[in-house]
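Each remark here refers to the structure printed beneath this line.
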Amino acid sequence: MTRLSEQARYQRSYRAEQKMLRKPSRDDVARVALHVMIVDVLERNEDGELAALCEALVTRLADLGFDRGSAYCRVDDLVERYADGWAPQRKPHLTTPSMVDASEI
């Protein structure tokens, strides 16, 4: 039990430090990278390349144990959102008081 509480305390401290440093997580980088890749293919209107990218994503997700049909649905949903102009959402909790625009106050 002590080890678990020590690990939890370490993890909280680590996350707080990463937040203070405004260091993106690997998931943050992955989300932005996927957005960049998909939007790039959409802008170039490369349907074959988009299909290959989606197939590669679904295959890797299936290899990780996810349901293939559900993976296709999720990837298709993201492609549709990105095609409609949706972008990764900013994280308001990263905004420090000094970064807040005066018009937002």
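Order determines the names: the first chain of the structure tokens is A, the second B, and so forth; residues in each chain are numbered 1 upward, and ligands are numbered 1 upward as they are shown.
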
- [ ] Could you tell me, as a PyMOL selection string, which residues of region 21-64 of chain A DSSP assigns to helix (DSSP H, G or I) when given the backbone?
- [x] chain A and resi 21+26-43+47-63

Using only C-alpha atoms, which residues of region 13-40 of chain A come within 12 Å of region 51-68 of chain A, and what is the closest atom pair for each, with the distance in Å to one decimal? Give it as JSON lines, sorted by chain and residue number.
{"residue": "A:Leu34", "atom": "CA", "partner": "A:Leu57", "partner_atom": "CA", "distance": 9.8}
{"residue": "A:Met37", "atom": "CA", "partner": "A:Leu53", "partner_atom": "CA", "distance": 8.7}
{"residue": "A:Ile38", "atom": "CA", "partner": "A:Leu53", "partner_atom": "CA", "distance": 8.2}
{"residue": "A:Val39", "atom": "CA", "partner": "A:Leu53", "partner_atom": "CA", "distance": 11.7}
{"residue": "A:Asp40", "atom": "CA", "partner": "A:Leu53", "partner_atom": "CA", "distance": 11.5}

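Take CA of His35 (chain A) and CA of Pro88 (chain A): the distance between them is 7.3 Å.
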
Task: Nearest to Val79 (chain A) by atom-to-atom distance, counting only C-alpha atoms, from A:Leu42, A:Ala30, A:Glu49, A:Ser5 - done: A:Leu42

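For the pair CA of Cys73 (chain A) and CA of Leu50 (chain A), the interatomic distance is 14.7 Å.
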
- [ ] Please measure the separation of CA of Ala8 (chain A) and CA of Val32 (chain A), giving the value in Å to one decimal.
- [x] 28.2 Å
